[in-house]
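S.K.: Here you go, one structure.
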Amino acid sequence: MKELPPADRFCPTRTASPYWNESAWFSFSIPERGLHGFVYYFFRPNMGLLIGGPAMWDSSGVHNYDCLYYDFHQLQAMPKDAEKFNFIAPNSLSVKVAEALKTYHLRYDANGFKLDLEWQAISEPHHFLGMEIEATGASSENRLHLEQCGRVKGKIEHRGETYHIDCYSLRDTSYGVRQVDNAGRGSYFWGILSPDTAFHTMTMGDGEEQKAVGGFITRDGKMSTLVRGTRRILRNGRYTPAAFRFEGEDELGRKIVVTARPKSDLLFNGFPRLQVIWSLLEVDFDGQTGWGDIQEFVPAEQFRQMERTR
């Protein structure tokens, strides 16, 4: 088999740090039902750990104990001979790269939840080059982080119901030293209207306004890196902004104005000292409405105090 590109395999020059991290994430949704989900996992190879699995939720439950399904397993031994996109985890999650940087098969079958999805790229990957390094505890050396637009199709069976998945999707993968204990407050969000029209960004900051620290705009099929952007909250919700506006500009001088409304929240506790509110995202930009995803992240102690003073 032809050798896989660096983004599809473990870093061959990883450091000895116990916090070395190799991650991958794929989104899926049925927007008309307010249903959203992920297959998300990361290896801590120097600890011998594989953390992750699938989750699926809608507006009926916001916690890992009352959402539709959740098995983000945090204490699994890393399978022998595992590769980043070729392994079977102890919790049954199976991932396989069928075509480098293009097609991935995702499977899972446990606890009455059966997932069988194929993710296919609709664009080239975008390498995230931004100030998120300091904000999220990632290393600046020996590092890779990319996002890629795609489409995911397949089905999920759960409690006698079959969910047919056919939607646009973003995936993300990275490697490098990552310790998130002191991560700041921010938001990671994106939207895809078509293979030719999409955006992604991450913003950081406290208060009603956050500044972009990276991302891209795709318009007329041409992708270009964001050079600046600002997110402003229009209306606050229970856990995350109920509506916000993002304005950005890319290296080609193209501007984008997005209005967005998070739907169906999940309180995701996959990281220490960090509360993530993970939501389906309805987006309006370039005269159209589409869907995406938002991961709002808040230092855990700050979130705790916010909740206790409501």
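Residues in the structure tokens are numbered from 1 in each chain, the chains being A, B, ... in the order shown, and ligands are numbered from 1 in the order shown.
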Need to verify the contact set: segment 20-36 of chain A, 6 Å, only C-alpha atoms, exclusion of same-chain residues closer than 2 positions in sequence. Can you return it as a list of chain:residue names?
M.R.: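 Here the qualifying residues turn out to be A:Ser17, A:Pro18, A:Phe38, A:Val39, A:Tyr40, A:Tyr41, A:Phe42, A:Phe43, A:Arg44, A:Met56, A:Trp57, A:Asp58, A:Ser169, A:Leu170, A:Arg171, A:Asp172, A:Thr173, A:Ser174, A:Tyr175, A:Gly176, A:Val177, A:Arg178, A:Leu280.
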S.K.: Which residues are close to Ile294 of chain A, i.e. within 9 Å by only C-alpha atoms, leaving aside same-chain residues fewer than 5 positions away? Reply as a list in words.
M.R.: Ser187, Tyr188, Phe189, Trp190, Pro262, Ile277, Trp278, Ser279, Leu280 and Leu281 of chain A
S.K.: For segment 223-233 of chain A, find every residue with an atom within 7 Å (counting only C-alpha atoms), except residues of its own chain fewer than 2 positions away, and show them as a PyMOL selection string.
M.R.: chain A and resi 208-212+214-219+221+235-236+241+243-252
S.K.: Quick one: of A:Asp181, A:Asp116, A:Glu307, A:Glu124, who's nearest to Ile165 of chain A, counting only C-alpha atoms?
M.R.: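 Looking at the shortest contact to Ile165 of chain A, the residue is A:Asp116.
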S.K.: DSSP on the backbone, alpha helix (DSSP H) only: what residues of segment 255-310 of chain A does that give? Format it as a PyMOL selection string.
M.R.: chain A and resi 300-308
S.K.: How far is it from atom CA of Asp206 of chain A to atom CA of Thr309 of chain A, in Å with one decimal?
M.R.: 17.4 Å
S.K.: For Ser60 of chain A, which of A:Arg310, A:Lys263, A:Arg9, A:Arg304 is the closest residue, counting only C-alpha atoms?
M.R.: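 Smallest separation from Ser60 of chain A among the options: A:Lys263.
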S.K.: Neighbours of Lys153 of chain A within 9 Å (only C-alpha atoms; same-chain residues fewer than 5 positions away dropped), as a short mmCIF file (atom, residue, chain, number, x, y, z; two decimals) with N, CA and C atoms, in the first residue's frame?
M.R.:
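The resulting file, out-v5.cif, is reproduced below:
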```cif
data_model
loop_
_atom_site.label_atom_id
_atom_site.label_comp_id
_atom_site.auth_asym_id
_atom_site.auth_seq_id
_atom_site.Cartn_x
_atom_site.Cartn_y
_atom_site.Cartn_z
N PHE A 28 -21.60 14.77 12.11
CA PHE A 28 -22.74 14.32 11.33
C PHE A 28 -24.00 14.93 11.92
N ASP A 116 -22.69 3.26 10.99
CA ASP A 116 -21.94 2.87 9.79
C ASP A 116 -21.98 4.05 8.83
N LEU A 117 -20.88 4.81 8.76
CA LEU A 117 -20.83 6.04 7.99
C LEU A 117 -19.61 6.05 7.07
N GLU A 118 -19.76 6.73 5.93
CA GLU A 118 -18.64 6.99 5.04
C GLU A 118 -18.50 8.49 4.87
N TRP A 119 -17.33 9.00 5.17
CA TRP A 119 -17.04 10.43 5.03
C TRP A 119 -16.18 10.63 3.77
N GLN A 120 -16.62 11.57 2.89
CA GLN A 120 -15.89 11.85 1.66
C GLN A 120 -15.58 13.34 1.56
N HIS A 164 -31.06 7.99 8.93
CA HIS A 164 -30.34 8.05 7.67
C HIS A 164 -29.56 9.36 7.61
N ILE A 165 -28.25 9.25 7.48
CA ILE A 165 -27.35 10.40 7.51
C ILE A 165 -26.90 10.73 6.09
N ASP A 166 -27.09 11.98 5.70
CA ASP A 166 -26.60 12.48 4.41
C ASP A 166 -26.49 13.99 4.55
N CYS A 167 -25.31 14.48 4.89
CA CYS A 167 -25.16 15.90 5.21
C CYS A 167 -23.73 16.36 4.95
N TYR A 168 -23.57 17.66 4.86
CA TYR A 168 -22.22 18.22 4.84
C TYR A 168 -21.59 18.05 6.21
#
```
S.K.: List the spatial neighbours of Gly112 of chain A as a ChimeraX atom specification - criterion: any atom at most 9 Å away, only C-alpha atoms, same-chain residues fewer than 5 positions off excluded.
M.R.: /A:157-160
S.K.: For the selection just defined, write its residues with N, CA and C atoms to a file, as an mmCIF file, in the first residue's frame.
M.R.:
```cif
data_model
loop_
_atom_site.group_PDB
_atom_site.id
_atom_site.type_symbol
_atom_site.label_atom_id
_atom_site.label_comp_id
_atom_site.auth_asym_id
_atom_site.auth_seq_id
_atom_site.Cartn_x
_atom_site.Cartn_y
_atom_site.Cartn_z
ATOM 1 N N GLU A 157 -28.422 3.029 13.767
ATOM 2 C CA GLU A 157 -29.556 2.314 14.340
ATOM 3 C C GLU A 157 -29.467 2.409 15.859
ATOM 4 N N HIS A 158 -30.592 2.783 16.474
ATOM 5 C CA HIS A 158 -30.599 2.959 17.926
ATOM 6 C C HIS A 158 -32.022 2.840 18.452
ATOM 7 N N ARG A 159 -32.228 1.939 19.390
ATOM 8 C CA ARG A 159 -33.522 1.740 20.054
ATOM 9 C C ARG A 159 -34.671 1.564 19.059
ATOM 10 N N GLY A 160 -34.418 0.737 18.059
ATOM 11 C CA GLY A 160 -35.460 0.408 17.101
ATOM 12 C C GLY A 160 -35.688 1.432 16.008
#
```
S.K.: Taking the chain letters and numbering used in this document, name the residues of segment 6-222 of chain A that DSSP puts in strand (DSSP E or B), as number ranges by chain.
M.R.: A: 20-30, 35-44, 49-57, 69-70, 73-77, 83, 86-88, 94-99, 103-110, 113-121, 126-127, 138, 144-158, 161-178, 186-194, 197-204, 209-219, 222
S.K.: Name all residues at most 10 Å from segment 89-100 of chain A (count only C-alpha atoms; drop same-chain ones fewer than 3 positions away) and give them as a ChimeraX atom specification.
M.R.: /A:2-9,39-41,50-54,71-73,75-80,82-86,103-111,114-121
S.K.: With C-alpha atoms retained, export the selected residues as a PDB file, in the first residue's frame.
M.R.:
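Below is the file out.pdb, written as the result:
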```
ATOM      1  CA  LYS A   2       1.242   3.478  -0.834  1.00  0.00           C
ATOM      2  CA  GLU A   3       2.522   5.346   2.215  1.00  0.00           C
ATOM      3  CA  LEU A   4      -0.104   7.617   3.692  1.00  0.00           C
ATOM      4  CA  PRO A   5       0.516  11.379   3.882  1.00  0.00           C
ATOM      5  CA  PRO A   6       1.470  12.834   7.308  1.00  0.00           C
ATOM      6  CA  ALA A   7      -2.102  13.937   8.066  1.00  0.00           C
ATOM      7  CA  ASP A   8      -3.367  10.340   7.798  1.00  0.00           C
ATOM      8  CA  ARG A   9      -0.813   8.698  10.068  1.00  0.00           C
ATOM      9  CA  VAL A  39     -17.119  10.594  16.037  1.00  0.00           C
ATOM     10  CA  TYR A  40     -14.218  12.064  17.978  1.00  0.00           C
ATOM     11  CA  TYR A  41     -11.123  10.418  19.362  1.00  0.00           C
ATOM     12  CA  LEU A  50      -7.062   5.957  23.225  1.00  0.00           C
ATOM     13  CA  ILE A  51      -9.843   8.334  24.279  1.00  0.00           C
ATOM     14  CA  GLY A  52     -13.097   8.820  22.405  1.00  0.00           C
ATOM     15  CA  GLY A  53     -16.062   7.400  20.562  1.00  0.00           C
ATOM     16  CA  PRO A  54     -19.419   8.546  19.186  1.00  0.00           C
ATOM     17  CA  ASP A  71     -19.728   6.815  24.546  1.00  0.00           C
ATOM     18  CA  PHE A  72     -16.778   9.174  24.606  1.00  0.00           C
ATOM     19  CA  HIS A  73     -14.679   6.616  26.463  1.00  0.00           C
ATOM     20  CA  LEU A  75     -10.018   5.042  29.732  1.00  0.00           C
ATOM     21  CA  GLN A  76      -9.158   2.677  26.877  1.00  0.00           C
ATOM     22  CA  ALA A  77      -5.845   1.022  26.187  1.00  0.00           C
ATOM     23  CA  MET A  78      -4.423   1.990  22.815  1.00  0.00           C
ATOM     24  CA  PRO A  79      -4.897  -1.057  20.539  1.00  0.00           C
ATOM     25  CA  LYS A  80      -1.745  -2.868  19.521  1.00  0.00           C
ATOM     26  CA  ALA A  82      -3.194   0.914  15.840  1.00  0.00           C
ATOM     27  CA  GLU A  83      -2.811   3.535  13.167  1.00  0.00           C
ATOM     28  CA  LYS A  84      -4.449   6.944  13.334  1.00  0.00           C
ATOM     29  CA  PHE A  85      -7.160   6.009  10.809  1.00  0.00           C
ATOM     30  CA  ASN A  86      -6.918   2.228  10.975  1.00  0.00           C
ATOM     31  CA  THR A 103     -12.534   8.805   2.157  1.00  0.00           C
ATOM     32  CA  TYR A 104     -12.911   7.373   5.667  1.00  0.00           C
ATOM     33  CA  HIS A 105     -15.114   4.588   7.016  1.00  0.00           C
ATOM     34  CA  LEU A 106     -16.494   4.974  10.542  1.00  0.00           C
ATOM     35  CA  ARG A 107     -18.195   2.103  12.362  1.00  0.00           C
ATOM     36  CA  TYR A 108     -19.378   1.370  15.882  1.00  0.00           C
ATOM     37  CA  ASP A 109     -21.628  -1.301  17.403  1.00  0.00           C
ATOM     38  CA  ALA A 110     -22.222  -1.407  21.165  1.00  0.00           C
ATOM     39  CA  ASN A 111     -24.993  -0.897  23.723  1.00  0.00           C
ATOM     40  CA  LYS A 114     -24.893   0.863  15.588  1.00  0.00           C
ATOM     41  CA  LEU A 115     -23.160   3.407  13.349  1.00  0.00           C
ATOM     42  CA  ASP A 116     -21.942   2.869   9.793  1.00  0.00           C
ATOM     43  CA  LEU A 117     -20.828   6.042   7.987  1.00  0.00           C
ATOM     44  CA  GLU A 118     -18.635   6.992   5.045  1.00  0.00           C
ATOM     45  CA  TRP A 119     -17.040  10.429   5.030  1.00  0.00           C
ATOM     46  CA  GLN A 120     -15.887  11.850   1.664  1.00  0.00           C
ATOM     47  CA  ALA A 121     -13.927  15.055   1.098  1.00  0.00           C
TER      48      ALA A 121
END
```
S.K.: Please compute the atom CA of Arg151 of chain A-atom CA of Asp284 of chain A distance, one decimal, in Å.
M.R.: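 Answer for the atom CA of Arg151 of chain A to atom CA of Asp284 of chain A separation: 19.3 Å.
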